>>> print(open('protein_25.csv').read())   # CSV, C-alpha atoms
chain,number,residue,atom,x,y,z
A,1,MET,CA,116.7,73.0,42.0
A,2,ASN,CA,113.3,72.9,40.3
A,3,PRO,CA,110.4,75.1,41.5
A,4,VAL,CA,108.4,72.2,42.9
A,5,ASN,CA,111.3,70.9,44.9
A,6,ARG,CA,111.9,74.5,46.2
A,7,ALA,CA,108.2,74.8,47.3
A,8,TRP,CA,108.5,71.5,49.2
A,9,ARG,CA,111.6,72.6,51.0
A,10,ALA,CA,109.9,75.9,51.9
A,11,ALA,CA,106.8,74.1,53.2
A,12,ALA,CA,109.0,71.7,55.1
A,13,SER,CA,111.0,74.5,56.8
A,14,ILE,CA,107.8,76.4,57.6
A,15,THR,CA,106.4,73.2,59.2
A,16,PHE,CA,109.7,72.8,61.1
A,17,ILE,CA,109.5,76.4,62.4
A,18,LEU,CA,105.8,76.0,63.4
A,19,THR,CA,106.7,72.8,65.3
A,20,LEU,CA,109.5,74.6,67.1
A,21,LEU,CA,107.0,77.4,68.0
A,22,ALA,CA,104.4,74.9,69.3
A,23,VAL,CA,107.1,73.1,71.4
A,24,SER,CA,108.4,76.3,72.9
A,25,HIS,CA,104.8,77.5,73.5
A,26,SER,CA,103.8,74.4,75.4
A,27,ALA,CA,107.1,74.6,77.4
A,28,ALA,CA,106.2,78.1,78.4
A,29,ASN,CA,102.8,77.0,79.5
A,30,ALA,CA,104.2,74.1,81.6
A,31,ASP,CA,106.3,76.7,83.3
A,32,ASN,CA,103.3,78.7,84.2
A,33,SER,CA,102.5,77.4,87.6
A,34,GLN,CA,100.0,78.6,90.2
A,35,VAL,CA,101.1,81.7,92.0
A,36,ALA,CA,98.0,82.3,94.2
A,37,GLN,CA,94.7,80.9,95.3
A,38,ILE,CA,91.3,82.8,95.5
A,39,LYS,CA,90.2,82.7,99.2
A,40,THR,CA,87.2,85.1,99.4
A,41,VAL,CA,84.8,86.4,96.8
A,42,SER,CA,81.8,88.7,97.2
A,43,GLY,CA,79.6,90.2,94.5
A,44,GLN,CA,80.9,90.6,91.0
A,45,ALA,CA,84.5,89.5,90.6
A,46,GLU,CA,86.2,88.2,87.5
A,47,ILE,CA,89.6,87.0,86.3
A,48,VAL,CA,90.9,87.9,82.8
A,49,ARG,CA,93.3,85.3,81.5
A,50,ASN,CA,94.7,85.3,78.0
A,51,GLY,CA,91.9,87.6,77.0
A,52,ALA,CA,89.1,85.4,78.3
A,53,ARG,CA,87.0,86.5,81.2
A,54,VAL,CA,85.8,84.1,83.9
A,55,ALA,CA,83.9,84.5,87.2
A,56,ALA,CA,86.2,84.3,90.2
A,57,ARG,CA,85.5,81.3,92.4
A,58,ILE,CA,86.8,80.5,95.9
A,59,GLY,CA,89.5,77.9,95.6
A,60,ASP,CA,90.5,78.7,92.0
A,61,PRO,CA,94.2,79.1,91.2
A,62,LEU,CA,95.7,82.3,89.8
A,63,TYR,CA,98.7,82.6,87.4
A,64,GLU,CA,101.2,85.3,86.5
A,65,LYS,CA,99.7,87.9,84.1
A,66,ASP,CA,96.1,87.3,85.4
A,67,THR,CA,94.0,90.4,85.8
A,68,ILE,CA,91.6,90.7,88.7
A,69,ASP,CA,88.5,92.8,88.0
A,70,THR,CA,85.8,93.6,90.5
A,71,GLY,CA,82.4,95.3,89.8
A,72,GLY,CA,80.5,97.9,91.7
A,73,ASP,CA,79.5,95.4,94.4
A,74,GLY,CA,82.5,93.2,94.2
A,75,SER,CA,85.4,92.2,96.4
A,76,ILE,CA,88.0,89.4,96.3
A,77,GLY,CA,90.8,88.1,98.6
A,78,ILE,CA,93.7,86.0,97.5
A,79,THR,CA,96.9,84.4,99.1
A,80,PHE,CA,100.1,84.0,97.1
A,81,ILE,CA,102.4,81.0,97.5
A,82,ASP,CA,105.0,83.2,99.3
A,83,ASN,CA,102.2,84.0,101.9
A,84,THR,CA,101.6,87.5,100.6
A,85,VAL,CA,97.9,88.3,101.3
A,86,MET,CA,96.0,90.7,99.0
A,87,SER,CA,92.3,91.8,98.9
A,88,SER,CA,90.5,94.4,96.9
A,89,GLY,CA,87.3,96.3,97.0
A,90,PRO,CA,84.7,97.3,94.4
A,91,ASN,CA,85.6,98.7,90.9
A,92,SER,CA,89.2,97.5,91.1
A,93,GLU,CA,91.6,96.3,88.4
A,94,ILE,CA,94.8,94.6,89.4
A,95,VAL,CA,97.3,92.8,87.2
A,96,LEU,CA,99.7,90.1,88.5
A,97,GLU,CA,102.3,91.4,86.1
A,98,ASP,CA,105.4,89.6,87.4
A,99,TYR,CA,105.7,86.8,90.1
A,100,LYS,CA,108.7,84.6,90.7
A,101,PHE,CA,109.2,82.6,93.9
A,102,ASN,CA,111.5,79.8,94.8
A,103,SER,CA,110.0,77.7,97.6
A,104,SER,CA,113.3,76.2,98.6
A,105,ASP,CA,115.2,79.4,99.5
A,106,PHE,CA,112.0,81.6,99.9
A,107,LYS,CA,113.4,84.2,97.6
A,108,GLY,CA,111.6,85.8,94.7
A,109,SER,CA,110.2,89.0,93.2
A,110,MET,CA,106.8,90.4,92.4
A,111,LEU,CA,105.4,93.4,90.5
A,112,THR,CA,101.7,94.1,90.8
A,113,ASP,CA,99.9,96.6,88.6
A,114,MET,CA,97.3,98.5,90.6
A,115,ASN,CA,95.3,100.2,87.8
A,116,ARG,CA,92.2,101.4,89.7
A,117,GLY,CA,90.2,100.8,92.9
A,118,THR,CA,91.3,99.8,96.3
A,119,VAL,CA,93.7,97.1,97.6
A,120,SER,CA,95.0,95.9,100.9
A,121,MET,CA,98.2,93.9,101.1
A,122,ILE,CA,100.2,92.1,103.7
A,123,SER,CA,103.6,91.2,102.5
A,124,GLY,CA,105.1,87.7,102.7
A,125,ASP,CA,108.4,85.9,102.0
A,126,ILE,CA,109.2,87.8,98.8
A,127,ALA,CA,109.3,91.3,100.5
A,128,ARG,CA,111.4,89.7,103.3
A,129,SER,CA,113.9,88.1,100.8
A,130,SER,CA,115.6,91.3,99.6
A,131,PRO,CA,115.0,95.1,99.4
A,132,GLY,CA,113.2,96.0,96.2
A,133,ALA,CA,111.8,92.5,95.6
A,134,MET,CA,108.2,93.6,96.0
A,135,LYS,CA,106.8,96.5,94.0
A,136,VAL,CA,103.3,97.8,93.3
A,137,LYS,CA,102.9,100.0,90.2
A,138,THR,CA,100.1,102.6,90.0
A,139,PRO,CA,99.5,104.8,86.9
A,140,SER,CA,101.2,107.7,88.8
A,141,ALA,CA,103.9,106.1,91.0
A,142,ILE,CA,105.8,103.0,92.0
A,143,LEU,CA,105.6,101.6,95.6
A,144,GLY,CA,108.6,99.8,97.0
A,145,VAL,CA,107.6,97.5,99.9
A,146,ARG,CA,109.8,96.6,102.9
A,147,GLY,CA,107.6,94.2,104.7
A,148,THR,CA,104.3,95.6,106.0
A,149,ARG,CA,100.6,95.9,105.8
A,150,PHE,CA,99.4,98.7,103.6
A,151,VAL,CA,96.5,99.9,101.5
A,152,ILE,CA,96.4,101.7,98.1
A,153,GLN,CA,93.6,103.6,96.4
A,154,VAL,CA,93.9,104.6,92.7
A,155,LYS,CA,91.2,106.9,91.4
A,156,ASP,CA,89.8,106.1,88.0
A,157,ASN,CA,90.6,109.4,86.2
A,158,ARG,CA,89.6,108.1,82.7
B,1,MET,CA,90.3,131.3,71.4
B,2,ARG,CA,91.0,133.0,74.7
B,3,ARG,CA,88.0,131.3,76.2
B,4,ILE,CA,89.2,127.9,75.1
B,5,ALA,CA,92.6,128.6,76.7
B,6,LEU,CA,90.9,129.6,79.9
B,7,VAL,CA,88.8,126.5,80.0
B,8,LEU,CA,91.9,124.4,79.3
B,9,ALA,CA,93.8,126.2,82.1
B,10,VAL,CA,90.9,125.5,84.5
B,11,LEU,CA,90.7,121.8,83.5
B,12,THR,CA,94.5,121.4,83.9
B,13,LEU,CA,94.3,123.0,87.3
B,14,ALA,CA,91.4,120.8,88.3
B,15,SER,CA,93.2,117.6,87.3
B,16,CYS,CA,96.4,118.8,89.1
B,17,SER,CA,94.6,119.4,92.3
B,18,SER,CA,92.6,116.1,92.4
B,19,ARG,CA,94.1,113.1,94.2
B,20,GLN,CA,95.3,110.4,91.8
B,21,SER,CA,96.3,107.8,94.4
B,22,LEU,CA,96.5,107.3,98.1
B,23,PHE,CA,98.9,105.1,100.1
B,24,VAL,CA,98.6,104.2,103.8
B,25,VAL,CA,100.8,102.0,106.0
B,26,LEU,CA,98.7,100.1,108.5
B,27,PRO,CA,99.8,98.8,111.9
B,28,ASN,CA,100.8,95.1,112.4
B,29,PRO,CA,98.8,93.2,115.1
B,30,ASP,CA,101.6,94.0,117.6
B,31,GLY,CA,101.4,97.8,116.8
B,32,SER,CA,104.6,97.9,114.8
B,33,SER,CA,104.8,98.6,111.1
B,34,GLY,CA,107.1,98.1,108.1
B,35,ALA,CA,107.8,100.7,105.5
B,36,VAL,CA,107.0,101.6,101.9
B,37,THR,CA,108.4,104.2,99.6
B,38,ILE,CA,106.4,106.1,96.9
B,39,GLU,CA,108.5,107.0,93.9
B,40,ASP,CA,107.5,108.8,90.7
B,41,GLY,CA,111.0,108.8,89.1
B,42,GLN,CA,112.2,112.1,90.6
B,43,LYS,CA,110.8,112.3,94.1
B,44,SER,CA,110.6,109.6,96.8
B,45,VAL,CA,108.4,109.7,99.9
B,46,LEU,CA,109.1,107.3,102.8
B,47,LEU,CA,106.2,106.0,104.9
B,48,ASP,CA,107.5,104.2,107.9
B,49,HIS,CA,105.0,104.3,110.8
B,50,PRO,CA,101.4,103.2,111.4
B,51,TYR,CA,98.9,105.4,109.5
B,52,ALA,CA,101.8,107.2,107.7
B,53,ALA,CA,100.2,108.2,104.4
B,54,GLY,CA,101.1,109.7,101.0
B,55,GLU,CA,99.2,110.8,98.0
B,56,VAL,CA,99.9,111.7,94.4
B,57,ARG,CA,98.4,114.9,93.0
B,58,GLY,CA,99.3,116.2,89.5
B,59,GLY,CA,101.9,113.4,89.3
B,60,VAL,CA,103.7,114.6,92.4
B,61,PRO,CA,103.9,112.4,95.6
B,62,ALA,CA,103.6,114.1,99.0
B,63,PRO,CA,102.9,113.1,102.6
B,64,VAL,CA,99.3,113.5,103.7
B,65,GLN,CA,97.3,113.1,107.0
B,66,VAL,CA,94.7,110.3,107.2
B,67,ASP,CA,93.1,108.8,110.3
B,68,GLN,CA,91.6,105.4,111.1
B,69,ALA,CA,88.1,106.4,110.3
B,70,GLN,CA,89.1,107.6,106.8
B,71,VAL,CA,90.9,104.3,106.2
B,72,GLN,CA,87.8,102.4,107.1
B,73,GLN,CA,85.6,104.6,104.9
B,74,ILE,CA,87.8,104.2,101.8
B,75,PHE,CA,89.2,100.7,102.3
B,76,GLY,CA,86.5,99.0,104.4
B,77,ASN,CA,85.4,96.7,101.6
B,78,ALA,CA,88.9,95.7,100.6
B,79,LEU,CA,89.9,95.0,104.3
B,80,ALA,CA,86.7,93.0,104.8
B,81,ALA,CA,87.6,90.7,101.9
B,82,GLN,CA,91.0,89.9,103.5
B,83,PRO,CA,91.6,86.1,103.7
B,84,VAL,CA,92.4,84.3,107.0
B,85,LEU,CA,96.2,85.0,107.4
B,86,PRO,CA,98.7,82.2,106.8
B,87,SER,CA,99.8,80.2,109.9
B,88,HIS,CA,103.1,78.6,110.6
B,89,PHE,CA,103.7,75.6,112.9
B,90,VAL,CA,106.8,73.6,113.9
B,91,LEU,CA,106.4,70.1,115.3
B,92,TYR,CA,109.4,68.3,116.8
B,93,PHE,CA,110.5,64.6,116.7
B,94,GLU,CA,112.2,62.0,118.7
B,95,ARG,CA,115.8,61.2,117.8
B,96,ASP,CA,116.2,59.3,114.5
B,97,SER,CA,112.5,58.7,114.4
B,98,ASP,CA,109.2,59.8,112.8
B,99,THR,CA,107.5,59.8,116.2
B,100,LEU,CA,106.5,63.3,117.5
B,101,THR,CA,107.7,64.4,120.9
B,102,PRO,CA,104.9,64.4,123.5
B,103,PRO,CA,104.4,68.3,123.4
B,104,SER,CA,104.3,68.3,119.6
B,105,ALA,CA,101.9,65.3,119.6
B,106,ARG,CA,99.6,67.6,121.6
B,107,GLN,CA,100.2,70.5,119.3
B,108,TYR,CA,99.1,68.6,116.3
B,109,GLN,CA,95.5,69.3,117.1
B,110,ALA,CA,96.2,73.1,116.8
B,111,VAL,CA,97.4,72.5,113.2
B,112,PHE,CA,94.3,70.5,112.4
B,113,THR,CA,92.0,73.1,113.9
B,114,ASP,CA,93.8,75.9,112.0
B,115,ILE,CA,93.3,74.1,108.6
B,116,LYS,CA,89.6,73.3,109.4
B,117,ARG,CA,88.7,76.9,110.1
B,118,ARG,CA,89.5,77.9,106.5
B,119,GLN,CA,87.0,77.6,103.7
B,120,VAL,CA,89.7,76.6,101.2
B,121,TYR,CA,93.3,75.8,102.2
B,122,GLU,CA,96.8,74.9,101.1
B,123,VAL,CA,99.1,73.0,103.5
B,124,GLU,CA,102.9,72.8,103.0
B,125,VAL,CA,104.7,70.2,105.1
B,126,ILE,CA,108.6,70.3,105.1
B,127,GLY,CA,110.6,67.7,107.0
B,128,HIS,CA,114.1,68.3,108.6
B,129,THR,CA,116.7,66.5,110.6
B,130,ASP,CA,119.7,67.3,112.8
B,131,THR,CA,123.2,66.5,111.6
B,132,LEU,CA,123.5,63.1,113.3
B,133,GLY,CA,123.9,60.3,110.7
B,134,ASN,CA,124.7,60.7,107.0
B,135,PRO,CA,123.0,63.0,104.5
B,136,PRO,CA,121.2,60.3,102.4
B,137,HIS,CA,119.8,58.8,105.6
B,138,ASN,CA,118.7,62.2,106.8
B,139,GLN,CA,117.1,63.0,103.5
B,140,GLN,CA,115.0,59.9,103.8
B,141,LEU,CA,114.2,60.5,107.5
B,142,SER,CA,113.1,64.1,106.8
B,143,MET,CA,110.8,62.8,104.1
B,144,SER,CA,109.3,60.2,106.3
B,145,ARG,CA,108.7,62.8,109.1
B,146,ALA,CA,106.8,65.0,106.6
B,147,MET,CA,104.9,62.0,105.2
B,148,MET,CA,103.9,60.9,108.7
B,149,ILE,CA,102.2,64.4,109.2
B,150,ARG,CA,100.6,64.3,105.8
B,151,ASP,CA,99.2,60.8,106.3
B,152,ARG,CA,97.8,61.8,109.7
B,153,LEU,CA,96.1,64.9,108.2
B,154,VAL,CA,94.6,62.9,105.3
B,155,HIS,CA,93.4,60.3,107.9
B,156,ASP,CA,91.7,63.1,109.8
B,157,GLY,CA,89.9,64.3,106.6
B,158,ILE,CA,92.2,66.9,105.1
B,159,SER,CA,92.2,66.8,101.3
B,160,PRO,CA,95.4,65.1,100.0
B,161,LYS,CA,95.5,67.3,96.9
B,162,SER,CA,95.8,70.4,99.1
B,163,ILE,CA,98.9,69.1,100.9
B,164,SER,CA,102.4,69.4,99.5
B,165,VAL,CA,105.2,67.5,101.1
B,166,ALA,CA,109.0,67.9,100.9
B,167,GLY,CA,112.1,66.6,102.8
B,168,ARG,CA,115.1,68.9,103.2
B,169,GLY,CA,117.3,66.5,105.2
B,170,GLN,CA,120.0,68.3,107.1
B,171,LEU,CA,120.1,71.2,104.6
B,172,ASP,CA,118.1,73.8,106.5
B,173,LEU,CA,119.1,73.7,110.2
B,174,ALA,CA,117.0,75.8,112.6
B,175,VAL,CA,120.0,75.8,114.9
B,176,LYS,CA,123.4,75.8,113.2
B,177,THR,CA,125.6,73.0,114.5
B,178,ALA,CA,128.7,71.0,113.4
B,179,ASP,CA,128.3,67.6,111.7
B,180,GLN,CA,127.1,64.7,113.9
B,181,VAL,CA,125.5,66.8,116.5
B,182,ALA,CA,122.2,65.7,118.1
B,183,GLU,CA,120.0,68.8,118.3
B,184,PRO,CA,116.3,68.4,119.2
B,185,ARG,CA,115.4,71.8,117.7
B,186,ASN,CA,116.6,70.6,114.2
B,187,ARG,CA,114.5,67.4,114.3
B,188,ARG,CA,111.3,69.0,113.0
B,189,VAL,CA,108.6,69.4,110.4
B,190,GLU,CA,107.6,73.0,109.4
B,191,ILE,CA,104.0,73.4,108.4
B,192,THR,CA,102.5,76.4,106.6
B,193,VAL,CA,98.8,76.7,106.4
B,194,ARG,CA,97.2,79.3,104.1
>>> encode(input="protein_25.csv", output="structure tokens")
Amino acid sequence: MNPVNRAWRAAASITFILTLLAVSHSAANADNSQVAQIKTVSGQAEIVRNGARVAARIGDPLYEKDTIDTGGDGSIGITFIDNTVMSSGPNSEIVLEDYKFNSSDFKGSMLTDMNRGTVSMISGDIARSSPGAMKVKTPSAILGVRGTRFVIQVKDNR
Amino acid sequence: MRRIALVLAVLTLASCSSRQSLFVVLPNPDGSSGAVTIEDGQKSVLLDHPYAAGEVRGGVPAPVQVDQAQVQQIFGNALAAQPVLPSHFVLYFERDSDTLTPPSARQYQAVFTDIKRRQVYEVEVIGHTDTLGNPPHNQQLSMSRAMMIRDRLVHDGISPKSISVAGRGQLDLAVKTADQVAEPRNRRVEITVR
């Protein structure tokens, strides 16, 4: 094979791989459906999604991996598609790390990272679906939820 | 050198003794409560009654006493931001029909009122049938029951893009029965508003 031909083949295979990556990337995005909706906002509250920061607005959808970030005067309330209800006070950072829910059999799993601040939660269908399905992780411990209302405070010890 | 060691020891002690996190179980509206467990990999603390609380200090979870006033002081802002809780309604239908029974026709207004009291809302409408008739027919019947509710809500001013509709046929019976059994409690539409 001559060098020019070889270069073409290499370029073609790279293009093929990039196309594959693009296709699999868009498939992953299509899979990324709404997991919650913002219901209340007060003061400074922002959503960090794929590294971009936007102001939280009532009615906006939330997706898996979104980070909720409130300022010194901020608070926010959201309701998940399994009817889990969550609200947080000022200076809070919460990551919707993992969220899976099947609306046909009402089963799923969720892991929320509570990094700092205060949060109130009322569990929904996911906590009811199986023991261990709903977990909240703080920097110092993991909370296993068996269907209840509860609150968590994480001190910012940075 | 000794002074640095002393400072380090004091710092370590201070960080050990300060609270890193606090967990409190709150009562349900009926006074009952569920349960949560706090785990750090070695130790596990179970909180299973209203105002049962645990904290983590120096990486170690332990039970702690808190009262209602302390909860309000620490969590007041978070609790005030709580959305209106989701509601669930079941409306029943006449046999092999998408006409509501008279009591359910009256209850429709409660569904509508519940949606309207929310600033933003999502409504899920899922239709069901009993086991009378064949499954394909019942699939269609469950869907037309759900669509009837949806159309009425839209007619009354509820945003169509906030309503999702599904028909489950005879797959999810509220009351388990044999095949070809007329059961009024299975002829229904389940509505979730959140």
>>> residues_around(input="protein_25.csv", residues="A:Ser120", least_positions_apart="3", cutoff="9 Å", atoms="only C-alpha atoms", output="list in words")
Val85, Met86, Ser87, Ser88, Gly89, Arg149, Phe150, Val151 and Ile152 of chain A; Phe75, Ala78, Leu79 and Gln82 of chain B
>>> write_last_selection(input="protein_25.csv", atoms="C-alpha atoms", output="compact mmCIF listing (two decimals), keeping the file's coordinate frame")
# COMPACT_ATOMS: atom_id res chain seq x y z
CA VAL A 85 97.90 88.30 101.30
CA MET A 86 96.00 90.70 99.00
CA SER A 87 92.30 91.80 98.90
CA SER A 88 90.50 94.40 96.90
CA GLY A 89 87.30 96.30 97.00
CA ARG A 149 100.60 95.90 105.80
CA PHE A 150 99.40 98.70 103.60
CA VAL A 151 96.50 99.90 101.50
CA ILE A 152 96.40 101.70 98.10
CA PHE B 75 89.20 100.70 102.30
CA ALA B 78 88.90 95.70 100.60
CA LEU B 79 89.90 95.00 104.30
CA GLN B 82 91.00 89.90 103.50
>>> closest_residue(input="protein_25.csv", among="A:Met110, A:Ile94, A:Val35, A:Ile76", to="chain B", atoms="all atoms listed in the file")
A:Ile76
>>> residues_around(input="protein_25.csv", residues="B:Leu26", least_positions_apart="2", cutoff="7 Å", atoms="all atoms listed in the file", output="PyMOL selection string")
(chain A and resi 149-150) or (chain B and resi 24+28+33+50-51)
>>> interface_residues(input="protein_25.csv", of="chain B", to="chain A", cutoff="9 Å", atoms="all atoms listed in the file", output="PyMOL selection string")
chain B and resi 15+19-28+33-41+51+56-61+71+74-86+118-122+168+192+194
>>> atom_distance(input="protein_25.csv", atom1="atom CA of B:Val111", atom2="atom CA of B:Val165")
15.2 Å
>>> atom_distance(input="protein_25.csv", atom1="atom CA of B:Glu124", atom2="atom CA of B:Ala178")
27.9 Å
>>> residues_around(input="protein_25.csv", residues="B:Thr177", least_positions_apart="5", cutoff="9 Å", atoms="all atoms listed in the file", output="MDAnalysis selection string")
chainID B and resid 130:131 182:183
>>> atom_distance(input="protein_25.csv", atom1="atom CA of B:Ile126", atom2="atom CA of B:Ala166")
4.9 Å
>>> closest_residue(input="protein_25.csv", among="B:Gln109, B:Gln73, B:Ser18, B:Thr129", to="B:Ser144", atoms="only C-alpha atoms")
B:Thr129
>>> residues_around(input="protein_25.csv", residues="A:Tyr99", least_positions_apart="5", cutoff="7 Å", atoms="all atoms listed in the file", output="ChimeraX atom specification")
/A:64,109-111
>>> decode(input="protein_25.csv", residues="stretch 126-137 of chain A", atoms="N, CA and C atoms", output="short mmCIF file (atom, residue, chain, number, x, y, z; two decimals), in the first residue's frame")
data_model
loop_
_atom_site.label_atom_id
_atom_site.label_comp_id
_atom_site.auth_asym_id
_atom_site.auth_seq_id
_atom_site.Cartn_x
_atom_site.Cartn_y
_atom_site.Cartn_z
N ILE A 126 -40.26 5.44 44.31
CA ILE A 126 -38.98 4.72 44.26
C ILE A 126 -38.64 4.10 45.62
N ALA A 127 -38.76 4.90 46.70
CA ALA A 127 -38.45 4.36 48.03
C ALA A 127 -39.39 3.21 48.37
N ARG A 128 -40.63 3.29 47.86
CA ARG A 128 -41.63 2.25 48.12
C ARG A 128 -41.33 0.98 47.32
N SER A 129 -40.61 1.11 46.19
CA SER A 129 -40.48 -0.01 45.25
C SER A 129 -39.61 -1.13 45.78
N SER A 130 -38.54 -0.82 46.49
CA SER A 130 -37.71 -1.88 47.09
C SER A 130 -36.79 -1.28 48.13
N PRO A 131 -36.41 -2.07 49.17
CA PRO A 131 -35.50 -1.52 50.19
C PRO A 131 -34.16 -1.20 49.54
N GLY A 132 -33.59 -0.06 49.89
CA GLY A 132 -32.30 0.31 49.32
C GLY A 132 -32.38 1.03 47.99
N ALA A 133 -33.61 1.25 47.46
CA ALA A 133 -33.73 1.89 46.15
C ALA A 133 -33.45 3.39 46.22
N MET A 134 -33.69 4.00 47.40
CA MET A 134 -33.47 5.44 47.53
C MET A 134 -32.35 5.71 48.53
N LYS A 135 -31.32 6.40 48.07
CA LYS A 135 -30.18 6.71 48.93
C LYS A 135 -29.79 8.17 48.78
N VAL A 136 -29.32 8.76 49.89
CA VAL A 136 -28.77 10.10 49.86
C VAL A 136 -27.35 10.02 50.40
N LYS A 137 -26.40 10.54 49.64
CA LYS A 137 -25.00 10.48 50.05
C LYS A 137 -24.56 11.86 50.54
#
